[in-house]
Amino acid sequence: MPHRVLAASIKHETHAFNRLKTTLAHFKAQQFALGDEIPQKYAGVRLEMGGFLDAAKRYGWELHHPVCTFATPGGAVADEAFEFFCGHLVEGLKRAGKLDGVALALHGSMVTESHDDAEGEILRRTRAVVGPDIPVAVTLDPHCNVTREMARLSSIITAFRTSPHVDQYETALRAAAILDRAMRGEVKPRVYLARRAALNAFDSARTYTGKGPMIEALKRAAEIEREQGILCVSIHSGFSRSDFAEVGPSVAVTSDGKARRAREFAEQLMEFGWQNRRIQSEQVASIEEAVAAAKAVRPGDKPLILGDYGDAPGGGAYGDSTSILKALLDAGIKNAALAAIYDPDSAHKARAAGVGATVNLTLGGKHDPAFGGGPLEAEARVIALSDGAFVYKGPYGTGTRGSFGESAAVEVDGIAIILSTLNKGIYDLEQFRIYGIEPTEKSVLVVKCMQGHHAAFDPIGSRSIDVDSGGLTTIDIKRFPYRKVPRPVWPLDEI
Ligand SMILES: [Zn+2]
């Protein structure tokens with residue numbers, strides 16, 4: 001008899017200080033598939049669901065897959081959306097009959113209107129159907145908060161080990177391998193969690209720099225995994241833009257049964273993260289430093305990559321900050337391109353005017369000018385229109401489909417700007433190319449992203465700088481009005 005496994009993915013990274021609710025429409029606009037659509041959409045895609053589908057073939061599982069979804073990070077998830085997805089999950093669990101295992105791809109920082117610990121709630125509802133005994137494997141994004149409830153209700157926890165997250169597929173395979181052993185009765189996995197009173201640690205999970213606390217912690221984790229009875233070590237930097245009781249970095253050790261030293265290993269590694277919490281392997285530059293670097297670009301140089309760290313939709317920001325754009329325009333920088341300003345109003349105006357037309361736009365800065373600058377008045381020439389659909393060519397999330405929505409590219413004083421109607425982080429060169437903008441031919445590229453862009457953009461750039469535009473993903477987290485985080489907590493308080 002093949003093992004019967006249910007795999008599902010319900011993911012969101014919720015920014016506590018983003019005013020816009022994340023609704024069902026946001027999930028539908030990003031990644032959304034139910035039941036039989038899932039293999040059609042995710043077979044061969046380098047995301048967790050692609051990994052679960054391949055694992056099912058490898059291990060001969062009978063796989064049930066009721067739901068696979070995630071939305072661009074944003075404000076609290078609407079109850080309606082959460083109940084919709086959990087409803088499909090619970091229905092799927094019931095309909096599948098007697099299951100041998102469950103694999104859930106979660107993010108680990110979802111907050112809904114009603115649940116601060118939404119992943120804990122997903123696991124509670126899962127356990128309510130399948131009971132306490134069958135193994136439940138959970139994959140996470142390392143930029144996550146892991147609650148005690150999540151650790152208690154999961155059998156296996158494993159997060160991505162790269163940032164940018166180019167190992168989402170591999171992470172699912174790793175979870176699946178342990179899950180399969182558990183279903184065969186070879187191991188009895190359980191999770192030990194260690195946490196600290198900090199908002200973040202482990203160098204914000206950076207690995208692309210090739211150095212720093214996350215790289216060192218991963219090496220140590222690999223050593224621990226060679227110890228008797230240890231199945232997996234998972235390191236989480238914390239998601240500091242959450243505001244609830246269990247925000248912060250953690251280490252989860254999955255052991256076989258009550259491995260005596262599992263808790264000790266989790267504490268040791270967490271202590272390493274705590275001791276090194278101040279170390280950042282990448283410095284985030286100011287806008288002035290970014291402009292100076294842009295001025296230094298010479299004709300024929302490969303592009304300078306400016307990552308808009310402070311206004312990253314992938315971290316829950318509005319994606320409409322104008323402060324870097326304004327500084328580049330003021331400095332007279334030419335042959336630049338920016339992806340993307342989320343500004344439906346301007347996008348629609350440009351689309352109505354048509355390619356070649358000149359329009360007066362009030363660009364961006366509309367959601368909260370206090371974070372990243374207010375709107376810019378600009379005379380813009382429309383250079384391209386698109387339905388906004390793209391497919392990532394890699395190396396990040398290769399095969400992933402996404403869309404900017406009905407959108408336009410305009411040019412203002414030598415700077416090409418993509419105007420979207422769906423808020424999107426920038427991870428792939430295709431996100432420029434669908435507008436006929438060839439990123440390799442630009443002198444300066446501005447991409448709204450914190451880390452994910454480094455995988456695709458650094459190889460085509462002369463230099464890559466992360467810049468704090470002061471948006472909702474600013475490095476200056478002391479600007480956020482935390483209310484629920486227990487104090488004292490580092491770095492809000494000196495500990
Ligand atoms: Zn992440």
# chains A, B, ... in the order shown; residues from 1 in each chain; ligands from 1

call {"tool": "residues_near_ligand", "arguments": {"ligand": "ligand 1", "cutoff": "6 Å", "atoms": "only C-alpha atoms and all ligand atoms", "output": "VMD selection string"}}
result
chain A and resid 141 to 143

call {"tool": "write_last_selection", "arguments": {"atoms": "all heavy atoms", "output": "PDB file, in the first residue's frame"}}
result
ATOM      1  N   ASP A 141      10.220  29.744   5.443  1.00  0.00           N
ATOM      2  CA  ASP A 141      11.170  30.743   4.975  1.00  0.00           C
ATOM      3  C   ASP A 141      12.027  31.125   6.198  1.00  0.00           C
ATOM      4  O   ASP A 141      11.475  31.290   7.282  1.00  0.00           O
ATOM      5  CB  ASP A 141      10.357  31.961   4.490  1.00  0.00           C
ATOM      6  CG  ASP A 141      11.216  33.035   3.869  1.00  0.00           C
ATOM      7  OD1 ASP A 141      12.056  33.632   4.596  1.00  0.00           O
ATOM      8  OD2 ASP A 141      11.031  33.317   2.674  1.00  0.00           O
ATOM      9  N   PRO A 142      13.333  31.258   6.058  1.00  0.00           N
ATOM     10  CA  PRO A 142      14.135  31.565   7.252  1.00  0.00           C
ATOM     11  C   PRO A 142      13.841  32.946   7.846  1.00  0.00           C
ATOM     12  O   PRO A 142      14.205  33.208   8.988  1.00  0.00           O
ATOM     13  CB  PRO A 142      15.578  31.486   6.751  1.00  0.00           C
ATOM     14  CG  PRO A 142      15.488  31.717   5.289  1.00  0.00           C
ATOM     15  CD  PRO A 142      14.167  31.134   4.864  1.00  0.00           C
ATOM     16  N   HIS A 143      13.161  33.813   7.085  1.00  0.00           N
ATOM     17  CA  HIS A 143      12.736  35.105   7.638  1.00  0.00           C
ATOM     18  C   HIS A 143      11.395  34.907   8.337  1.00  0.00           C
ATOM     19  O   HIS A 143      10.374  35.462   7.937  1.00  0.00           O
ATOM     20  CB  HIS A 143      12.598  36.146   6.526  1.00  0.00           C
ATOM     21  CG  HIS A 143      13.867  36.360   5.767  1.00  0.00           C
ATOM     22  ND1 HIS A 143      14.039  35.967   4.461  1.00  0.00           N
ATOM     23  CD2 HIS A 143      15.042  36.906   6.159  1.00  0.00           C
ATOM     24  CE1 HIS A 143      15.268  36.278   4.070  1.00  0.00           C
ATOM     25  NE2 HIS A 143      15.891  36.849   5.082  1.00  0.00           N
TER      26      HIS A 143
END

call {"tool": "residues_around", "arguments": {"residues": "Ala416 of chain A", "least_positions_apart": "4", "cutoff": "7 Å", "atoms": "only C-alpha atoms", "output": "list in words"}}
result
Ala336, Ala337, Leu338, Ala409, Val410, Glu411 and Val412 of chain A

call {"tool": "select_by_dssp", "arguments": {"residues": "segment 143-241 of chain A", "states": "helix (DSSP H, G or I)", "output": "ChimeraX atom specification"}}
result
/A:148-153,168-183,202-205,213-224

call {"tool": "closest_atom_pairs", "arguments": {"of": "segment 374-412 of chain A", "to": "segment 435-449 of chain A", "cutoff": "10 Å", "atoms": "only C-alpha atoms", "output": "Markdown table"}}
result
| residue | atom | partner | partner_atom | distance |
| --- | --- | --- | --- | --- |
| A:Ile383 | CA | A:Tyr435 | CA | 8.1 |
| A:Ala384 | CA | A:Tyr435 | CA | 5.6 |
| A:Leu385 | CA | A:Tyr435 | CA | 6.9 |
| A:Ser386 | CA | A:Tyr435 | CA | 6.7 |
| A:Asp387 | CA | A:Tyr435 | CA | 9.8 |
| A:Gly388 | CA | A:Tyr435 | CA | 8.4 |
| A:Ser407 | CA | A:Tyr435 | CA | 9.3 |
| A:Ala408 | CA | A:Tyr435 | CA | 7.7 |
| A:Ala409 | CA | A:Tyr435 | CA | 6.5 |
| A:Val410 | CA | A:Tyr435 | CA | 9.7 |

call {"tool": "write_last_selection", "arguments": {"atoms": "N, CA and C atoms", "output": "mmCIF file, in the first residue's frame"}}
result
data_model
loop_
_atom_site.group_PDB
_atom_site.id
_atom_site.type_symbol
_atom_site.label_atom_id
_atom_site.label_comp_id
_atom_site.auth_asym_id
_atom_site.auth_seq_id
_atom_site.Cartn_x
_atom_site.Cartn_y
_atom_site.Cartn_z
ATOM 1 N N ILE A 383 6.564 54.153 -22.919
ATOM 2 C CA ILE A 383 7.419 53.371 -23.828
ATOM 3 C C ILE A 383 6.912 51.949 -24.061
ATOM 4 N N ALA A 384 6.091 51.425 -23.168
ATOM 5 C CA ALA A 384 5.572 50.067 -23.410
ATOM 6 C C ALA A 384 4.344 49.826 -22.541
ATOM 7 N N LEU A 385 3.467 48.960 -23.049
ATOM 8 C CA LEU A 385 2.316 48.499 -22.272
ATOM 9 C C LEU A 385 2.393 46.971 -22.225
ATOM 10 N N SER A 386 1.905 46.400 -21.137
ATOM 11 C CA SER A 386 1.954 44.934 -21.047
ATOM 12 C C SER A 386 0.846 44.449 -20.123
ATOM 13 N N ASP A 387 0.434 43.189 -20.320
ATOM 14 C CA ASP A 387 -0.494 42.594 -19.350
ATOM 15 C C ASP A 387 0.255 42.244 -18.063
ATOM 16 N N GLY A 388 1.596 42.410 -18.085
ATOM 17 C CA GLY A 388 2.393 42.280 -16.865
ATOM 18 C C GLY A 388 2.806 40.864 -16.511
ATOM 19 N N SER A 407 -0.219 46.958 -16.980
ATOM 20 C CA SER A 407 0.865 47.832 -16.535
ATOM 21 C C SER A 407 1.492 48.571 -17.714
ATOM 22 N N ALA A 408 2.412 49.466 -17.381
ATOM 23 C CA ALA A 408 3.065 50.271 -18.408
ATOM 24 C C ALA A 408 4.503 50.549 -18.007
ATOM 25 N N ALA A 409 5.338 50.839 -18.998
ATOM 26 C CA ALA A 409 6.661 51.387 -18.712
ATOM 27 C C ALA A 409 6.702 52.790 -19.297
ATOM 28 N N VAL A 410 7.215 53.714 -18.506
ATOM 29 C CA VAL A 410 7.324 55.100 -18.978
ATOM 30 C C VAL A 410 8.774 55.551 -18.824
#

call {"tool": "residues_around", "arguments": {"residues": "segment 297-302 of chain A", "least_positions_apart": "3", "cutoff": "6 Å", "atoms": "only C-alpha atoms", "output": "ChimeraX atom specification"}}
result
/A:294,461-462

call {"tool": "write_last_selection", "arguments": {"atoms": "N, CA and C atoms", "output": "short mmCIF file (atom, residue, chain, number, x, y, z; two decimals), in the first residue's frame"}}
result
data_model
loop_
_atom_site.label_atom_id
_atom_site.label_comp_id
_atom_site.auth_asym_id
_atom_site.auth_seq_id
_atom_site.Cartn_x
_atom_site.Cartn_y
_atom_site.Cartn_z
N ALA A 294 26.09 55.89 -8.55
CA ALA A 294 25.48 56.02 -9.88
C ALA A 294 26.24 57.04 -10.74
N GLY A 461 25.74 42.69 -13.05
CA GLY A 461 26.10 44.03 -12.60
C GLY A 461 27.59 44.22 -12.41
N SER A 462 28.00 45.51 -12.38
CA SER A 462 29.39 45.84 -12.05
C SER A 462 29.54 45.88 -10.53
#

call {"tool": "closest_residue", "arguments": {"among": "A:Ile465, A:Ala105, A:Ala8, A:Val359", "to": "Ala285 of chain A", "atoms": "only C-alpha atoms"}}
result
A:Ile465
